[in-house]
file target_9.pdb (PDB, C-alpha atoms and all ligand atoms)
MODEL        1
ATOM      1  CA  MET W   1     118.126  55.804 164.413
ATOM      2  CA  ARG W   2     120.117  57.768 166.894
ATOM      3  CA  ALA W   3     118.857  60.207 169.382
ATOM      4  CA  SER W   4     120.465  63.497 170.108
ATOM      5  CA  ARG W   5     119.421  65.765 172.840
ATOM      6  CA  LEU W   6     119.116  69.393 172.068
ATOM      7  CA  PHE W   7     119.106  71.997 174.744
ATOM      8  CA  PHE W   8     118.096  75.504 173.961
ATOM      9  CA  ILE W   9     119.178  77.876 176.666
ATOM     10  CA  SER W  10     118.006  81.443 176.671
ATOM     11  CA  THR W  11     117.413  84.103 179.239
ATOM     12  CA  GLY W  12     115.912  82.134 182.070
ATOM     13  CA  ARG W  13     114.450  79.508 179.828
ATOM     14  CA  CYS W  14     115.428  76.035 178.933
ATOM     15  CA  VAL W  15     113.536  74.213 176.268
ATOM     16  CA  GLU W  16     114.574  70.680 175.723
ATOM     17  CA  ASN W  17     113.872  68.905 172.533
ATOM     18  CA  THR W  18     114.836  65.531 171.296
ATOM     19  CA  ILE W  19     115.792  64.862 167.774
ATOM     20  CA  ALA W  20     115.196  61.201 167.218
ATOM     21  CA  SER W  21     116.392  60.762 163.712
ATOM     22  CA  CYS W  22     119.920  61.939 163.318
ATOM     23  CA  THR W  23     121.379  59.633 160.763
ATOM     24  CA  GLU W  24     125.066  59.319 160.257
ATOM     25  CA  SER W  25     126.614  61.982 158.046
ATOM     26  CA  ALA W  26     123.342  63.833 157.984
ATOM     27  CA  HIS W  27     123.297  67.469 157.144
ATOM     28  CA  LEU W  28     120.499  68.429 159.398
ATOM     29  CA  LEU W  29     118.504  71.484 158.664
ATOM     30  CA  PHE W  30     116.704  72.097 161.878
ATOM     31  CA  SER W  31     114.023  74.657 162.306
ATOM     32  CA  TYR W  32     112.621  75.009 165.750
ATOM     33  CA  GLN W  33     109.514  76.994 166.334
ATOM     34  CA  ALA W  34     108.879  77.828 169.936
ATOM     35  CA  SER W  35     105.730  79.771 169.196
ATOM     36  CA  LYS W  36     103.621  77.380 171.227
ATOM     37  CA  THR W  37     105.465  78.403 174.318
ATOM     38  CA  LYS W  38     103.440  81.379 175.426
ATOM     39  CA  SER W  39     105.157  84.173 177.228
ATOM     40  CA  SER W  40     103.668  87.118 179.056
ATOM     41  CA  LYS W  41     106.169  89.389 177.476
ATOM     42  CA  SER W  42     108.258  89.292 174.433
ATOM     43  CA  THR W  43     111.769  88.126 175.056
ATOM     44  CA  PRO W  44     114.247  88.959 172.346
ATOM     45  CA  ILE W  45     116.859  86.337 172.101
ATOM     46  CA  THR W  46     120.092  87.188 170.507
ATOM     47  CA  ASP W  47     123.387  85.470 170.472
ATOM     48  CA  SER W  48     121.914  82.454 172.155
ATOM     49  CA  ILE W  49     123.790  79.297 172.713
ATOM     50  CA  LEU W  50     122.717  75.907 171.591
ATOM     51  CA  THR W  51     124.236  73.069 173.439
ATOM     52  CA  CYS W  52     123.954  69.786 171.693
ATOM     53  CA  ARG W  53     124.808  66.626 173.490
ATOM     54  CA  CYS W  54     125.358  64.069 170.847
ATOM     55  CA  PHE W  55     126.791  60.685 171.679
ATOM     56  CA  GLY W  56     128.197  62.102 174.876
ATOM     57  CA  LEU W  57     129.879  65.012 173.190
ATOM     58  CA  ARG W  58     129.040  68.661 173.605
ATOM     59  CA  TYR W  59     129.035  71.345 171.052
ATOM     60  CA  LEU W  60     128.278  75.003 171.299
ATOM     61  CA  ARG W  61     126.773  76.834 168.418
ATOM     62  CA  LYS W  62     125.734  80.395 168.103
ATOM     63  CA  LEU W  63     122.255  80.837 166.814
ATOM     64  CA  ARG W  64     120.187  83.475 165.165
ATOM     65  CA  SER W  65     116.764  84.089 166.456
ATOM     66  CA  VAL W  66     113.768  86.120 165.456
ATOM     67  CA  ASN W  67     111.347  87.531 167.936
ATOM     68  CA  ASP W  68     107.806  87.984 166.757
ATOM     69  CA  ARG W  69     106.842  91.170 168.540
ATOM     70  CA  ASN W  70     103.479  91.422 166.808
ATOM     71  CA  GLN W  71     102.164  88.283 168.403
ATOM     72  CA  GLN W  72     103.608  89.253 171.767
ATOM     73  CA  GLN W  73     104.629  85.754 172.395
ATOM     74  CA  PHE W  74     107.789  83.858 172.689
ATOM     75  CA  ASN W  75     108.349  83.071 169.059
ATOM     76  CA  THR W  76     111.766  81.952 168.077
ATOM     77  CA  SER W  77     112.978  80.461 164.883
ATOM     78  CA  ILE W  78     116.240  78.695 164.862
ATOM     79  CA  ILE W  79     117.861  77.499 161.729
ATOM     80  CA  VAL W  80     121.038  75.581 161.990
ATOM     81  CA  LYS W  81     122.598  74.816 158.650
ATOM     82  CA  GLU W  82     124.746  71.767 158.268
ATOM     83  CA  PHE W  83     124.158  70.733 161.822
ATOM     84  CA  MET W  84     126.277  67.617 161.831
ATOM     85  CA  THR W  85     125.455  65.474 164.792
ATOM     86  CA  ASP W  86     127.924  62.781 164.030
ATOM     87  CA  LEU W  87     131.540  63.509 164.826
ATOM     88  CA  ALA W  88     132.674  60.948 162.277
ATOM     89  CA  ALA W  89     130.752  62.789 159.593
ATOM     90  CA  GLN W  90     132.412  66.034 160.589
ATOM     91  CA  ARG W  91     135.793  64.354 160.438
ATOM     92  CA  LYS W  92     135.064  62.930 157.017
ATOM     93  CA  LYS W  93     134.023  66.310 155.723
ATOM     94  CA  LEU W  94     137.118  68.020 157.143
ATOM     95  CA  VAL W  95     139.525  65.422 155.789
ATOM     96  CA  SER W  96     137.817  65.314 152.411
ATOM     97  CA  THR W  97     137.800  69.089 152.018
ATOM     98  CA  SER W  98     141.383  69.438 153.218
ATOM     99  CA  MET W  99     142.680  66.721 150.911
ATOM    100  CA  ASP W 100     140.875  68.244 147.926
ATOM    101  CA  GLN W 101     142.590  71.556 148.654
ATOM    102  CA  ILE W 102     145.986  69.913 149.121
ATOM    103  CA  LYS W 103     145.722  67.922 145.892
ATOM    104  CA  SER W 104     144.674  71.019 144.018
ATOM    105  CA  ILE W 105     147.728  72.931 145.249
ATOM    106  CA  ILE W 106     150.227  70.188 144.463
ATOM    107  CA  LYS W 107     148.728  69.312 141.094
ATOM    108  CA  SER W 108     148.655  72.928 139.959
ATOM    109  CA  LYS W 109     151.935  74.155 141.473
ATOM    110  CA  GLY W 110     154.014  70.998 141.734
ATOM    111  CA  VAL W 111     156.146  69.833 144.646
ATOM    112  CA  ASN W 112     158.222  72.794 145.756
ATOM    113  CA  ARG W 113     158.748  74.660 149.005
ATOM    114  CA  ALA W 114     156.291  77.421 148.141
ATOM    115  CA  ALA W 115     153.537  74.897 147.432
ATOM    116  CA  LEU W 116     154.336  73.016 150.640
ATOM    117  CA  GLU W 117     153.992  76.276 152.583
ATOM    118  CA  GLU W 118     150.413  76.467 151.347
ATOM    119  CA  VAL W 119     149.803  72.828 152.208
ATOM    120  CA  LYS W 120     151.134  73.461 155.716
ATOM    121  CA  GLY W 121     148.378  76.010 156.267
ATOM    122  CA  ILE W 122     145.714  73.452 155.473
ATOM    123  CA  VAL W 123     147.157  70.648 157.568
ATOM    124  CA  ILE W 124     147.737  72.918 160.543
ATOM    125  CA  SER W 125     144.124  74.070 160.461
ATOM    126  CA  MET W 126     143.105  70.457 161.017
ATOM    127  CA  THR W 127     144.952  70.419 164.333
ATOM    128  CA  GLU W 128     142.390  72.866 165.708
ATOM    129  CA  GLU W 129     139.735  70.139 165.552
ATOM    130  CA  THR W 130     141.077  68.157 168.488
ATOM    131  CA  LYS W 131     137.725  66.518 169.317
ATOM    132  CA  MET W 132     137.526  64.939 165.883
ATOM    133  CA  PHE W 133     140.844  63.206 166.421
ATOM    134  CA  GLY W 134     140.698  62.405 170.108
ATOM    135  CA  ASP W 135     142.098  59.517 172.060
ATOM    136  CA  SER W 136     138.769  57.672 172.181
ATOM    137  CA  GLU W 137     138.730  57.224 168.417
ATOM    138  CA  PHE W 138     142.488  57.137 167.871
ATOM    139  CA  PRO W 139     144.002  55.491 170.959
ATOM    140  CA  THR W 140     147.598  56.143 171.832
ATOM    141  CA  PRO W 141     149.889  53.126 171.531
ATOM    142  CA  THR W 142     150.488  50.629 174.282
ATOM    143  CA  PRO W 143     154.097  50.212 175.477
ATOM    144  CA  ALA W 144     154.333  47.091 173.340
ATOM    145  CA  GLU W 145     153.098  48.900 170.247
ATOM    146  CA  ILE W 146     155.394  51.943 170.570
ATOM    147  CA  ALA W 147     153.503  53.729 167.806
ATOM    148  CA  LYS W 148     150.086  53.743 166.190
ATOM    149  CA  ILE W 149     149.635  54.718 162.564
ATOM    150  CA  TYR W 150     146.080  55.479 161.507
ATOM    151  CA  LEU W 151     145.456  56.020 157.823
ATOM    152  CA  LEU W 152     142.931  58.805 157.274
ATOM    153  CA  SER W 153     143.034  59.231 153.514
ATOM    154  CA  ASP W 154     144.897  58.095 150.434
ATOM    155  CA  GLU W 155     144.456  57.388 146.762
ATOM    156  CA  ASP W 156     144.522  53.942 145.163
ATOM    157  CA  ASP W 157     148.229  54.129 144.358
ATOM    158  CA  GLY W 158     149.156  55.550 147.765
ATOM    159  CA  ASP W 159     149.417  59.122 146.549
ATOM    160  CA  PHE W 160     148.488  61.822 149.028
ATOM    161  CA  SER W 161     148.474  59.622 152.111
ATOM    162  CA  LEU W 162     147.333  61.320 155.291
ATOM    163  CA  TYR W 163     147.947  59.602 158.612
ATOM    164  CA  LEU W 164     147.329  60.353 162.253
ATOM    165  CA  ILE W 165     150.369  58.975 164.068
ATOM    166  CA  SER W 166     150.877  58.647 167.794
ATOM    167  CA  VAL W 167     154.302  57.731 169.150
ATOM    168  CA  LEU W 168     155.381  57.019 172.704
ATOM    169  CA  PRO W 169     158.336  58.952 174.135
ATOM    170  CA  VAL W 170     161.001  57.014 172.271
ATOM    171  CA  GLY W 171     163.770  57.728 169.869
ATOM    172  CA  PRO W 172     165.728  58.833 168.119
ATOM    173  CA  SER W 173     164.718  57.348 164.788
ATOM    174  CA  PRO W 174     167.269  56.487 162.130
ATOM    175  CA  ILE W 175     168.404  59.427 160.015
ATOM    176  CA  HIS W 176     166.285  59.253 156.885
ATOM    177  CA  ASP W 177     164.587  60.940 153.994
ATOM    178  CA  HIS W 178     161.183  59.982 152.607
ATOM    179  CA  GLY W 179     161.808  60.134 148.865
ATOM    180  CA  THR W 180     158.550  62.046 148.675
ATOM    181  CA  PHE W 181     157.250  65.288 150.101
ATOM    182  CA  ALA W 182     156.027  65.373 153.695
ATOM    183  CA  VAL W 183     154.060  67.793 155.843
ATOM    184  CA  ILE W 184     153.838  67.112 159.577
ATOM    185  CA  ALA W 185     151.553  69.016 161.955
ATOM    186  CA  GLY W 186     151.338  68.644 165.717
ATOM    187  CA  LEU W 187     148.153  67.888 167.615
ATOM    188  CA  ASP W 188     149.851  66.948 170.860
ATOM    189  CA  GLY W 189     153.246  66.073 172.277
ATOM    190  CA  ASP W 190     156.692  67.343 171.339
ATOM    191  CA  GLU W 191     158.801  65.858 168.565
ATOM    192  CA  GLU W 192     162.351  67.046 168.073
ATOM    193  CA  ASN W 193     163.410  67.109 164.437
ATOM    194  CA  THR W 194     167.112  67.129 163.719
ATOM    195  CA  ILE W 195     167.526  68.314 160.144
ATOM    196  CA  TYR W 196     170.675  67.490 158.224
ATOM    197  CA  LYS W 197     172.504  69.167 155.393
ATOM    198  CA  ARG W 198     173.963  66.934 152.728
ATOM    199  CA  LEU W 199     177.545  67.914 151.883
ATOM    200  CA  ASP W 200     178.240  65.572 148.958
ATOM    201  CA  ASP W 201     176.579  65.732 145.558
ATOM    202  CA  GLY W 202     174.995  62.282 145.791
ATOM    203  CA  SER W 203     176.946  61.007 142.810
ATOM    204  CA  VAL W 204     178.341  57.961 144.614
ATOM    205  CA  GLU W 205     175.648  55.416 145.283
ATOM    206  CA  GLY W 206     175.546  54.252 148.890
ATOM    207  CA  LYS W 207     177.636  57.171 150.126
ATOM    208  CA  ALA W 208     176.594  60.406 151.792
ATOM    209  CA  SER W 209     178.251  63.041 153.899
ATOM    210  CA  LEU W 210     175.998  64.860 156.361
ATOM    211  CA  GLU W 211     176.164  67.499 159.007
ATOM    212  CA  ILE W 212     173.483  68.803 161.356
ATOM    213  CA  ASP W 213     171.792  71.886 159.944
ATOM    214  CA  ARG W 214     169.315  72.720 162.724
ATOM    215  CA  LYS W 215     166.925  71.310 165.287
ATOM    216  CA  VAL W 216     163.215  72.091 165.400
ATOM    217  CA  THR W 217     160.842  70.862 168.091
ATOM    218  CA  LEU W 218     157.398  70.302 166.690
ATOM    219  CA  LYS W 219     154.739  71.101 169.283
ATOM    220  CA  SER W 220     150.959  71.320 169.224
ATOM    221  CA  GLY W 221     149.960  73.780 166.519
ATOM    222  CA  ASP W 222     153.340  73.638 164.770
ATOM    223  CA  THR W 223     153.976  72.310 161.297
ATOM    224  CA  ILE W 224     157.006  71.412 159.230
ATOM    225  CA  ALA W 225     157.453  70.427 155.593
ATOM    226  CA  PHE W 226     160.072  68.332 153.850
ATOM    227  CA  MET W 227     160.984  68.030 150.216
ATOM    228  CA  PRO W 228     161.661  64.462 148.995
ATOM    229  CA  GLU W 229     165.421  64.840 149.441
ATOM    230  CA  ASP W 230     165.314  66.491 152.869
ATOM    231  CA  ILE W 231     166.974  64.465 155.606
ATOM    232  CA  HIS W 232     165.945  64.356 159.229
ATOM    233  CA  ARG W 233     165.758  62.339 162.405
ATOM    234  CA  ILE W 234     162.959  62.498 164.955
ATOM    235  CA  CYS W 235     162.825  61.943 168.687
ATOM    236  CA  VAL W 236     159.792  62.278 170.967
ATOM    237  CA  VAL W 237     160.957  64.587 173.742
ATOM    238  CA  SER W 238     157.691  65.091 175.641
ATOM    239  CA  GLU W 239     156.619  62.824 178.484
ATOM    240  CA  LYS W 240     153.312  62.154 176.744
ATOM    241  CA  PRO W 241     152.947  60.506 173.343
ATOM    242  CA  THR W 242     152.892  62.609 170.228
ATOM    243  CA  ARG W 243     149.731  62.881 168.146
ATOM    244  CA  HIS W 244     150.569  64.301 164.751
ATOM    245  CA  PHE W 245     149.185  64.515 161.259
ATOM    246  CA  HIS W 246     151.593  63.146 158.656
ATOM    247  CA  LEU W 247     150.909  63.905 155.029
ATOM    248  CA  TYR W 248     153.100  62.223 152.413
ATOM    249  CA  GLY W 249     153.192  62.432 148.654
ATOM    250  CA  LYS W 250     153.443  58.647 148.767
ATOM    251  CA  GLY W 251     152.195  56.407 151.554
ATOM    252  CA  PHE W 252     154.579  54.387 153.693
ATOM    253  CA  GLU W 253     154.128  51.269 151.577
ATOM    254  CA  GLN W 254     154.952  53.200 148.402
ATOM    255  CA  GLN W 255     158.013  55.059 149.756
ATOM    256  CA  SER W 256     160.369  52.935 147.685
ATOM    257  CA  ASN W 257     162.974  55.685 147.297
ATOM    258  CA  ARG W 258     163.441  56.160 151.000
ATOM    259  CA  LEU W 259     166.978  56.137 152.332
ATOM    260  CA  GLU W 260     168.518  55.792 155.759
ATOM    261  CA  PHE W 261     171.865  57.415 156.524
ATOM    262  CA  ASN W 262     174.754  56.343 158.721
ATOM    263  CA  ILE W 263     176.441  59.628 159.505
ATOM    264  CA  GLU W 264     179.486  58.002 161.130
ATOM    265  CA  ASP W 265     180.185  55.656 158.211
ATOM    266  CA  GLY W 266     179.065  58.109 155.543
ATOM    267  CA  THR W 267     176.811  55.487 153.984
ATOM    268  CA  THR W 268     173.214  55.172 152.841
ATOM    269  CA  SER W 269     170.880  52.192 152.572
ATOM    270  CA  ALA W 270     167.391  51.599 151.245
ATOM    271  CA  ALA W 271     164.762  51.567 153.968
ATOM    272  CA  ALA W 272     161.147  50.538 154.409
ATOM    273  CA  GLY W 273     158.592  53.262 154.940
ATOM    274  CA  SER W 274     157.571  52.008 158.357
ATOM    275  CA  PHE W 275     157.952  48.886 160.459
ATOM    276  CA  ILE W 276     154.738  49.729 162.330
ATOM    277  CA  PRO W 277     151.581  48.221 160.784
ATOM    278  CA  VAL W 278     149.165  50.763 159.387
ATOM    279  CA  ASP W 279     145.657  50.715 160.840
ATOM    280  CA  VAL W 280     143.314  51.408 157.917
ATOM    281  CA  SER W 281     140.088  51.035 159.897
ATOM    282  CA  ARG W 282     139.777  54.813 160.405
ATOM    283  CA  ARG W 283     140.227  55.633 156.755
ATOM    284  CA  VAL W 284     137.591  58.243 155.998
ATOM    285  CA  VAL W 285     138.308  59.257 152.390
TER     286      VAL W 285
HETATM  287 FE    FE W 301     160.501  61.152 158.699
ENDMDL
END

call {"tool": "encode", "arguments": {"input": "target_9.pdb", "output": "structure tokens"}}
result
Amino acid sequence: MRASRLFFISTGRCVENTIASCTESAHLLFSYQASKTKSSKSTPITDSILTCRCFGLRYLRKLRSVNDRNQQQFNTSIIVKEFMTDLAAQRKKLVSTSMDQIKSIIKSKGVNRAALEEVKGIVISMTEETKMFGDSEFPTPTPAEIAKIYLLSDEDDGDFSLYLISVLPVGPSPIHDHGTFAVIAGLDGDEENTIYKRLDDGSVEGKASLEIDRKVTLKSGDTIAFMPEDIHRICVVSEKPTRHFHLYGKGFEQQSNRLEFNIEDGTTSAAAGSFIPVDVSRRVV
């Protein structure tokens, strides 16, 4: 059992109620009848604000109310559908819904730039839910850690892996591809992406000729997509750590086709997906 405190604030009134049985991932259908609270005059309540303090967090929700004029008393009905008092449950629902949409797009349209544009729209919408992915639940790395990689969702074979990754102001990374599609969306911090154009046809194994195509700095609310063969290098250029969503067609452990590039030598080499251990304790789907 967990207790949430519910505060109903209206014109000059504050009625406090305690909900004592908010179970995790509950979809709470709450109907509050204030008819026992007599009032000398009817007080229509519209566009009221419900403030719920749940586990130290605050949410604001607009409510509908009905004023019973016939009884000339303060009679308000409040129905809150899907009132999710547990932030983890909200996060699970968001990630689950988003991943279902992403999988549907990729499975129906394939991996191409047009499909990734659609996927970008879904991942970027997740960045609006900053409280669900805050520092308390997903701590930024310590100086010794450099980066934290939190797995949020994947399939058994590593397909459709979604991570929340936080990186200290370090870099640049090696020049690399992922051998799978990627969509990155910024929650916080600035990450400079240097994107390269491949000049050779890839016919000689271990060789590659590159030149810089463009630079894009990924900031909060920005998103970028990469096809499996796209080549880039990242560098955290903000003073604070980055906090980004990373969606990959294959998870880091399954990115067996990943290459790193030495632009001076014109060579390529196989590379591991990540040298940072993946924290799977926040996996929600
Ligand atoms: Fe990358």

call {"tool": "residues_near_point", "arguments": {"input": "target_9.pdb", "point": "(148.6, 56.7, 164.7)", "cutoff": "12 Å", "atoms": "all atoms listed in the file", "output": "compact mmCIF listing (two decimals) with C-alpha atoms, in the coordinates of the input"}}
result
# COMPACT_ATOMS: atom_id res chain seq x y z
CA PHE W 133 140.84 63.21 166.42
CA GLY W 134 140.70 62.40 170.11
CA ASP W 135 142.10 59.52 172.06
CA GLU W 137 138.73 57.22 168.42
CA PHE W 138 142.49 57.14 167.87
CA PRO W 139 144.00 55.49 170.96
CA THR W 140 147.60 56.14 171.83
CA PRO W 141 149.89 53.13 171.53
CA THR W 142 150.49 50.63 174.28
CA GLU W 145 153.10 48.90 170.25
CA ILE W 146 155.39 51.94 170.57
CA ALA W 147 153.50 53.73 167.81
CA LYS W 148 150.09 53.74 166.19
CA ILE W 149 149.64 54.72 162.56
CA TYR W 150 146.08 55.48 161.51
CA LEU W 151 145.46 56.02 157.82
CA LEU W 152 142.93 58.80 157.27
CA LEU W 162 147.33 61.32 155.29
CA TYR W 163 147.95 59.60 158.61
CA LEU W 164 147.33 60.35 162.25
CA ILE W 165 150.37 58.98 164.07
CA SER W 166 150.88 58.65 167.79
CA VAL W 167 154.30 57.73 169.15
CA LEU W 168 155.38 57.02 172.70
CA LEU W 187 148.15 67.89 167.62
CA PRO W 241 152.95 60.51 173.34
CA THR W 242 152.89 62.61 170.23
CA ARG W 243 149.73 62.88 168.15
CA HIS W 244 150.57 64.30 164.75
CA PHE W 245 149.18 64.52 161.26
CA HIS W 246 151.59 63.15 158.66
CA SER W 274 157.57 52.01 158.36
CA ILE W 276 154.74 49.73 162.33
CA PRO W 277 151.58 48.22 160.78
CA VAL W 278 149.16 50.76 159.39
CA ASP W 279 145.66 50.72 160.84
CA VAL W 280 143.31 51.41 157.92
CA SER W 281 140.09 51.04 159.90
CA ARG W 282 139.78 54.81 160.40
CA ARG W 283 140.23 55.63 156.76

call {"tool": "resolve_selection", "arguments": {"input": "target_9.pdb", "expression": "the PyMOL selection byres (((not hetatm)) within 10 of (chain W and resi 301))", "output": "list in words"}}
result
Ser173, Pro174, Ile175, His176, Asp177, His178, Gly179, Ala182, Val183, Ile184, Asn193, Phe226, Asp230, Ile231, His232, Arg233, Ile234, His246, Tyr248, Arg258, Gly273 and Ser274 of chain W

call {"tool": "residues_around", "arguments": {"input": "target_9.pdb", "residues": "Asn112 in chain W", "least_positions_apart": "6", "cutoff": "9 Å", "atoms": "all atoms listed in the file", "output": "MDAnalysis selection string"}}
result
chainID W and resid 106 181 227

call {"tool": "atom_distance", "arguments": {"input": "target_9.pdb", "atom1": "CA of Asp188 in chain W", "atom2": "CA of Gln101 in chain W"}}
result
23.8 Å

call {"tool": "atom_distance", "arguments": {"input": "target_9.pdb", "atom1": "CA of Ile102 in chain W", "atom2": "CA of Gly249 in chain W"}}
result
10.4 Å

call {"tool": "atom_distance", "arguments": {"input": "target_9.pdb", "atom1": "CA of Glu205 in chain W", "atom2": "CA of Glu264 in chain W"}}
result
16.5 Å

call {"tool": "residues_around", "arguments": {"input": "target_9.pdb", "residues": "Arg113 in chain W", "least_positions_apart": "2", "cutoff": "8 Å", "atoms": "only C-alpha atoms", "output": "mmCIF file with C-alpha atoms, in the coordinates of the input"}}
result
data_model
loop_
_atom_site.group_PDB
_atom_site.id
_atom_site.type_symbol
_atom_site.label_atom_id
_atom_site.label_comp_id
_atom_site.auth_asym_id
_atom_site.auth_seq_id
_atom_site.Cartn_x
_atom_site.Cartn_y
_atom_site.Cartn_z
ATOM 1 C CA VAL W 111 156.146 69.833 144.646
ATOM 2 C CA ALA W 115 153.537 74.897 147.432
ATOM 3 C CA LEU W 116 154.336 73.016 150.640
ATOM 4 C CA GLU W 117 153.992 76.276 152.583
ATOM 5 C CA ALA W 225 157.453 70.427 155.593
ATOM 6 C CA MET W 227 160.984 68.030 150.216
#

call {"tool": "residues_near_point", "arguments": {"input": "target_9.pdb", "point": "(174.6, 62.3, 149.0)", "cutoff": "12 Å", "atoms": "only C-alpha atoms", "output": "number ranges by chain"}}
result
W: 176-177, 196-211, 229-231, 259-263, 266-269

call {"tool": "closest_residue", "arguments": {"input": "target_9.pdb", "among": "W:Asp156, W:Glu118, W:Glu253, W:Glu129", "to": "Gln90 in chain W", "atoms": "only C-alpha atoms"}}
result
W:Glu129

call {"tool": "residues_around", "arguments": {"input": "target_9.pdb", "residues": "Glu192 in chain W", "least_positions_apart": "6", "cutoff": "6 Å", "atoms": "all atoms listed in the file", "output": "short mmCIF file (atom, residue, chain, number, x, y, z; two decimals) with C-alpha atoms, keeping the file's coordinate frame"}}
result
data_model
loop_
_atom_site.label_atom_id
_atom_site.label_comp_id
_atom_site.auth_asym_id
_atom_site.auth_seq_id
_atom_site.Cartn_x
_atom_site.Cartn_y
_atom_site.Cartn_z
CA VAL W 216 163.22 72.09 165.40
CA THR W 217 160.84 70.86 168.09
CA ILE W 234 162.96 62.50 164.96
CA CYS W 235 162.82 61.94 168.69
#

call {"tool": "closest_residue", "arguments": {"input": "target_9.pdb", "among": "W:Ser220, W:Gln255, W:Ser153, W:Ser238", "to": "Thr130 in chain W", "atoms": "only C-alpha atoms"}}
result
W:Ser220

call {"tool": "resolve_selection", "arguments": {"input": "target_9.pdb", "expression": "the PyMOL selection byres (((chain W and resi 285) around 9) and not hetatm)", "output": "count of residues only"}}
result
11

call {"tool": "closest_residue", "arguments": {"input": "target_9.pdb", "among": "W:Ile224, W:Ile105, W:Val236, W:Val170", "to": "Glu191 in chain W", "atoms": "only C-alpha atoms"}}
result
W:Val236

call {"tool": "decode", "arguments": {"input": "target_9.pdb", "residues": "range 236-248 of chain W", "atoms": "N, CA and C atoms", "output": "mmCIF file, in the first residue's frame"}}
result
data_model
loop_
_atom_site.group_PDB
_atom_site.id
_atom_site.type_symbol
_atom_site.label_atom_id
_atom_site.label_comp_id
_atom_site.auth_asym_id
_atom_site.auth_seq_id
_atom_site.Cartn_x
_atom_site.Cartn_y
_atom_site.Cartn_z
ATOM 1 N N VAL W 236 30.765 15.462 -26.636
ATOM 2 C CA VAL W 236 29.900 16.245 -25.748
ATOM 3 C C VAL W 236 30.509 17.637 -25.603
ATOM 4 N N VAL W 237 29.766 18.641 -26.036
ATOM 5 C CA VAL W 237 30.314 20.003 -26.069
ATOM 6 C C VAL W 237 29.678 20.917 -25.034
ATOM 7 N N SER W 238 28.709 20.401 -24.263
ATOM 8 C CA SER W 238 28.134 21.190 -23.177
ATOM 9 C C SER W 238 28.940 20.959 -21.905
ATOM 10 N N GLU W 239 28.808 21.889 -20.956
ATOM 11 C CA GLU W 239 29.500 21.713 -19.680
ATOM 12 C C GLU W 239 28.842 20.622 -18.848
ATOM 13 N N LYS W 240 27.535 20.440 -19.019
ATOM 14 C CA LYS W 240 26.840 19.405 -18.262
ATOM 15 C C LYS W 240 26.763 18.115 -19.075
ATOM 16 N N PRO W 241 26.534 17.003 -18.412
ATOM 17 C CA PRO W 241 26.461 15.732 -19.149
ATOM 18 C C PRO W 241 25.272 15.725 -20.104
ATOM 19 N N THR W 242 25.393 14.932 -21.141
ATOM 20 C CA THR W 242 24.250 14.706 -22.011
ATOM 21 C C THR W 242 23.313 13.696 -21.351
ATOM 22 N N ARG W 243 22.072 13.741 -21.776
ATOM 23 C CA ARG W 243 21.054 12.761 -21.372
ATOM 24 C C ARG W 243 20.203 12.557 -22.614
ATOM 25 N N HIS W 244 20.445 11.461 -23.297
ATOM 26 C CA HIS W 244 19.826 11.245 -24.603
ATOM 27 C C HIS W 244 19.161 9.876 -24.671
ATOM 28 N N PHE W 245 18.122 9.810 -25.484
ATOM 29 C CA PHE W 245 17.577 8.508 -25.868
ATOM 30 C C PHE W 245 18.354 8.005 -27.079
ATOM 31 N N HIS W 246 18.714 6.743 -27.047
ATOM 32 C CA HIS W 246 19.386 6.094 -28.180
ATOM 33 C C HIS W 246 18.567 4.867 -28.552
ATOM 34 N N LEU W 247 18.039 4.878 -29.729
ATOM 35 C CA LEU W 247 17.312 3.721 -30.246
ATOM 36 C C LEU W 247 18.144 3.081 -31.347
ATOM 37 N N TYR W 248 18.361 1.775 -31.244
ATOM 38 C CA TYR W 248 19.132 1.061 -32.267
ATOM 39 C C TYR W 248 18.343 -0.137 -32.775
#
